[in-house]
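K.L.:
Handing you this structure, nothing more for now.
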Number of protein chains: 2
Amino acid sequence: MKELEDRIRRDGEVKSTEILKVGSFLNHQIDVSLFNDMGAEWARLFASKHINKILTIEASGIAIAAIAAQHFGNIPVVYAKKNQSRTLDNSQYETQVYSFTKQKYYKVIVSTRYLTADDHVLLIDDFLANGNAMHGLIDLCKQAGAHVEGIGVAIEKYFEPGGRKLRSEGWDLQSLACVKSMNPQTGDVIFEENPTA
Amino acid sequence: MKELEDRIRRDGEVKSTEILKVGSFLNHQIDVSLFNDMGAEWARLFASKHINKILTIEASGIAIAAIAAQHFGNIPVVYAKKNQSRTLDNSQYETQVYSFTKQKYYKVIVSTRYLTADDHVLLIDDFLANGNAMHGLIDLCKQAGAHVEGIGVAIEKYFEPGGRKLRSEGWDLQSLACVKSMNPQTGDVIFEENPTA
């Protein structure tokens, strides 16, 4: 998606060959207009699918998913939670996700009431790197018997294994910007336009 | 706001005289249509204010704030973060917020780049009870020199002191549903239509 690529080139900060900061528009401060264009693009890409729910994970996927839902007929959005609140039911699906950033496993839960075998789900997240969070969401859907119709991520780090793995597993993954490489000296970001498994 | 009150009556679960669960539409599964109506109502209530940024706190405020921003001309949304990520700048404002639910203090941060003295801010959150999280956001704005133009919360627990305290401090607080009391035996929820300090 050219608009997102251009925005990354303009406002993204290449901190290293692996770290890209996009807090000015994607995951600390957010640009709702951009998010609407992203949602419209996913609606186009997944037009053949019958999607009736969006599932994401807190916190940085939530705004992207909420805005995107407007382009899928205002379908419900569910966000998996990283910490069990005391006010949640005990009836929940849970899975473990390993965070490379924090170097530890964390628990991710979703209520059994909001993810069921009737759901045809689009999974949404801001970043895809190793794919651990996304595999956690897929696992939650499997536990619920929900159908994963597709996966939409804003920025895929193509130099990490997550996207290739998801594609090789057969998932319909649509990354709106697929970063092939980054140069922290020049700030240049190279995008892959035809990502494969 | 009648629509939100009706939804709370219909889908909210009164777990005790103090605990109201609204995960089916507000903070686990979310109803984007309802959120748009809430955003439109805040835009009406704050029409006289010159608001150029929305500040909220992760995670349950994010979707509400993102959808609401569309009714304020797609202004930027910033969400304060509860855990310091390694990929954040060191240049950040931080404050401590006490959580009664978790019975501990947690740190809330916002980058100095996304909250400045040029900002005229609407604070948004899903619930207002003791007001600790909201006072944390106000503190972040004070540190940044940002102007707090108003406070919008979806559900105020009027039997807790947060709303009265904020009003007595002079803030323009607009709660879309103000719960006066709840009965866990009958499930009845009584709303206060004219909350005061």
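Following the order of the structure tokens, first chain is A, next is B, and so on, with residues numbered from 1 inside each chain and ligands from 1 in the order they appear.
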Skip segment 187-197 of chain B itself and residues of its chain fewer than 6 positions away, then list as an NGL selection string all residues within 8 Å of it, counting only C-alpha atoms.

P.N.:
:B and (5 or 8-9 or 13-14 or 158 or 163-168 or 177-181)

K.L.:
Filtering to C-alpha atoms, could you give me those residues as a short mmCIF file (atom, residue, chain, number, x, y, z; two decimals), in the first residue's frame?

P.N.:
data_model
loop_
_atom_site.label_atom_id
_atom_site.label_comp_id
_atom_site.auth_asym_id
_atom_site.auth_seq_id
_atom_site.Cartn_x
_atom_site.Cartn_y
_atom_site.Cartn_z
CA GLU B 5 -27.79 3.76 29.00
CA ILE B 8 -25.95 -0.96 29.62
CA ARG B 9 -29.42 -1.95 30.81
CA GLU B 13 -23.98 -7.41 33.82
CA VAL B 14 -24.31 -6.17 37.35
CA TYR B 158 -21.24 8.13 40.31
CA GLY B 163 -16.31 12.32 38.87
CA ARG B 164 -17.24 14.60 41.77
CA LYS B 165 -13.58 15.32 42.39
CA LEU B 166 -12.89 16.17 38.74
CA ARG B 167 -15.95 18.44 38.60
CA SER B 168 -15.01 20.17 41.85
CA ALA B 177 -23.72 7.25 31.18
CA CYS B 178 -23.54 8.05 34.86
CA VAL B 179 -24.37 5.06 37.05
CA LYS B 180 -25.93 6.11 40.34
CA SER B 181 -26.56 2.64 41.73
#

K.L.:
Within 6 Å of Ala80 of chain A, counting only C-alpha atoms, which residues qualify if same-chain residues fewer than 2 places away don't, as a list in words?

P.N.:
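Result of the neighbour search: Ile57, Ile109 and Val110 of chain A.
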
K.L.:
Taking only C-alpha atoms into account, find every residue of chain A that has an atom no more than 8 Å from chain B, and write it out as a PyMOL selection string.

P.N.:
chain A and resi 19+21+24+28-33+58-59+62-63+66-67+69-70+74-81+86-87+101-102+114

K.L.:
Going by DSSP on the backbone, which residues of segment 27-147 of chain B come out as helix (DSSP H, G or I)? List them as JSON, numbers by chain.

P.N.:
{"B": [27, 32, 33, 34, 35, 36, 37, 38, 39, 40, 41, 42, 43, 44, 45, 62, 63, 64, 65, 66, 67, 68, 69, 70, 71, 72, 132, 133, 134, 135, 136, 137, 138, 139, 140, 141, 142, 143, 144]}

K.L.:
Using only C-alpha atoms, which protein or nucleic acid residues come within 12 Å of Lys142 of chain A? Drop anything in the same chain fewer than 3 positions from it, and give the result as an MDAnalysis selection string.

P.N.:
chainID A and resid 93:95 112 115:117 119:121 135:139 145:148

K.L.:
Could those selected residues go to a file with N, CA and C atoms, as a compact mmCIF listing (two decimals), in the first residue's frame?

P.N.:
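New file result_15.txt:
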# COMPACT_ATOMS: atom_id res chain seq x y z
N TYR A 93 -10.55 -18.65 26.73
CA TYR A 93 -9.46 -19.34 26.06
C TYR A 93 -8.17 -18.61 26.38
N GLU A 94 -7.11 -19.36 26.55
CA GLU A 94 -5.84 -18.68 26.79
C GLU A 94 -4.71 -19.37 26.06
N THR A 95 -3.69 -18.59 25.76
CA THR A 95 -2.52 -19.14 25.08
C THR A 95 -1.30 -18.37 25.56
N THR A 112 -14.66 -16.87 26.16
CA THR A 112 -15.35 -17.83 25.29
C THR A 112 -16.65 -17.26 24.72
N LEU A 115 -15.76 -15.27 21.16
CA LEU A 115 -15.10 -15.96 20.05
C LEU A 115 -15.69 -17.37 20.01
N THR A 116 -16.42 -17.67 18.92
CA THR A 116 -17.16 -18.93 18.87
C THR A 116 -17.01 -19.58 17.49
N ALA A 117 -17.58 -20.77 17.37
CA ALA A 117 -17.52 -21.51 16.11
C ALA A 117 -18.33 -20.84 15.00
N ASP A 119 -17.90 -17.76 14.23
CA ASP A 119 -17.14 -16.59 13.79
C ASP A 119 -16.21 -16.90 12.62
N HIS A 120 -16.24 -15.99 11.65
CA HIS A 120 -15.31 -16.01 10.52
C HIS A 120 -14.44 -14.77 10.67
N VAL A 121 -13.22 -15.00 11.05
CA VAL A 121 -12.42 -13.97 11.70
C VAL A 121 -11.33 -13.42 10.78
N HIS A 135 0.38 -16.19 15.85
CA HIS A 135 0.11 -17.60 16.11
C HIS A 135 -0.69 -17.79 17.40
N GLY A 136 -0.50 -16.90 18.35
CA GLY A 136 -1.32 -16.94 19.56
C GLY A 136 -2.78 -16.68 19.24
N LEU A 137 -3.05 -15.70 18.38
CA LEU A 137 -4.44 -15.42 18.00
C LEU A 137 -5.04 -16.58 17.22
N ILE A 138 -4.23 -17.20 16.33
CA ILE A 138 -4.71 -18.37 15.58
C ILE A 138 -5.05 -19.50 16.55
N ASP A 139 -4.21 -19.68 17.56
CA ASP A 139 -4.47 -20.73 18.55
C ASP A 139 -5.77 -20.45 19.30
N GLY A 145 -12.96 -22.89 17.81
CA GLY A 145 -13.59 -23.43 16.61
C GLY A 145 -13.93 -22.36 15.60
N ALA A 146 -13.38 -21.17 15.78
CA ALA A 146 -13.63 -20.07 14.85
C ALA A 146 -12.78 -20.24 13.59
N HIS A 147 -13.29 -19.72 12.48
CA HIS A 147 -12.60 -19.84 11.20
C HIS A 147 -11.75 -18.60 10.94
N VAL A 148 -10.49 -18.80 10.71
CA VAL A 148 -9.63 -17.66 10.37
C VAL A 148 -9.70 -17.45 8.86

K.L.:
If I take atom CA of Tyr105 of chain B and atom CA of Leu128 of chain B, how far is one from the other in Å, to one decimal?

P.N.:
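Going from atom CA of Tyr105 of chain B over to atom CA of Leu128 of chain B, I get 17.1 Å.
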
K.L.:
Of the candidates B:Ser91, B:Gln185, B:Asn52, B:Gln96, which one gets nearest to Gly150 of chain B if we count only C-alpha atoms?

P.N.:
B:Asn52

K.L.:
Could you give me, as a list in words, the residues within 8 Å of Pro161 of chain A, counting only C-alpha atoms and dropping anything in the same chain fewer than 6 positions from it?

P.N.:
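Near Pro161 of chain A, the qualifying residues are Ala129, Asn130 and Gly131 of chain A.
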
K.L.:
When you count only C-alpha atoms, which of these residues is closest to Ala133 of chain A: A:Met1, A:Val97, A:Met38, A:Ala154?

P.N.:
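The shortest atom-to-atom distance to Ala133 of chain A comes from A:Val97.
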
K.L.:
Within 8 Å of Val153 of chain B, counting only C-alpha atoms, which residues show up once you throw out same-chain ones fewer than 6 positions away? Write them as an mmCIF file with N, CA and C atoms, in the first residue's frame, please.

P.N.:
data_model
loop_
_atom_site.group_PDB
_atom_site.id
_atom_site.type_symbol
_atom_site.label_atom_id
_atom_site.label_comp_id
_atom_site.auth_asym_id
_atom_site.auth_seq_id
_atom_site.Cartn_x
_atom_site.Cartn_y
_atom_site.Cartn_z
ATOM 1 N N ILE B 124 -10.018 10.969 27.108
ATOM 2 C CA ILE B 124 -11.081 9.974 26.893
ATOM 3 C C ILE B 124 -10.740 8.688 27.640
ATOM 4 N N ASP B 125 -11.742 8.099 28.289
ATOM 5 C CA ASP B 125 -11.541 6.760 28.843
ATOM 6 C C ASP B 125 -12.882 6.036 28.898
ATOM 7 N N ASP B 126 -12.815 4.731 29.092
ATOM 8 C CA ASP B 126 -14.058 3.945 29.102
ATOM 9 C C ASP B 126 -14.805 4.095 30.430
ATOM 10 N N PHE B 127 -14.071 3.991 31.550
ATOM 11 C CA PHE B 127 -14.694 4.055 32.875
ATOM 12 C C PHE B 127 -14.071 5.166 33.703
ATOM 13 N N LEU B 128 -14.876 5.745 34.561
ATOM 14 C CA LEU B 128 -14.379 6.670 35.574
ATOM 15 C C LEU B 128 -14.924 6.198 36.920
ATOM 16 N N LEU B 173 -16.229 17.772 32.555
ATOM 17 C CA LEU B 173 -16.360 16.311 32.454
ATOM 18 C C LEU B 173 -17.710 15.954 31.858
ATOM 19 N N GLN B 174 -17.695 15.181 30.781
ATOM 20 C CA GLN B 174 -18.928 14.730 30.144
ATOM 21 C C GLN B 174 -18.957 13.206 30.139
ATOM 22 N N SER B 175 -19.748 12.658 31.050
ATOM 23 C CA SER B 175 -19.916 11.206 31.134
ATOM 24 C C SER B 175 -21.180 10.836 30.368
ATOM 25 N N LEU B 176 -21.054 9.885 29.444
ATOM 26 C CA LEU B 176 -22.209 9.576 28.590
ATOM 27 C C LEU B 176 -23.235 8.698 29.302
#
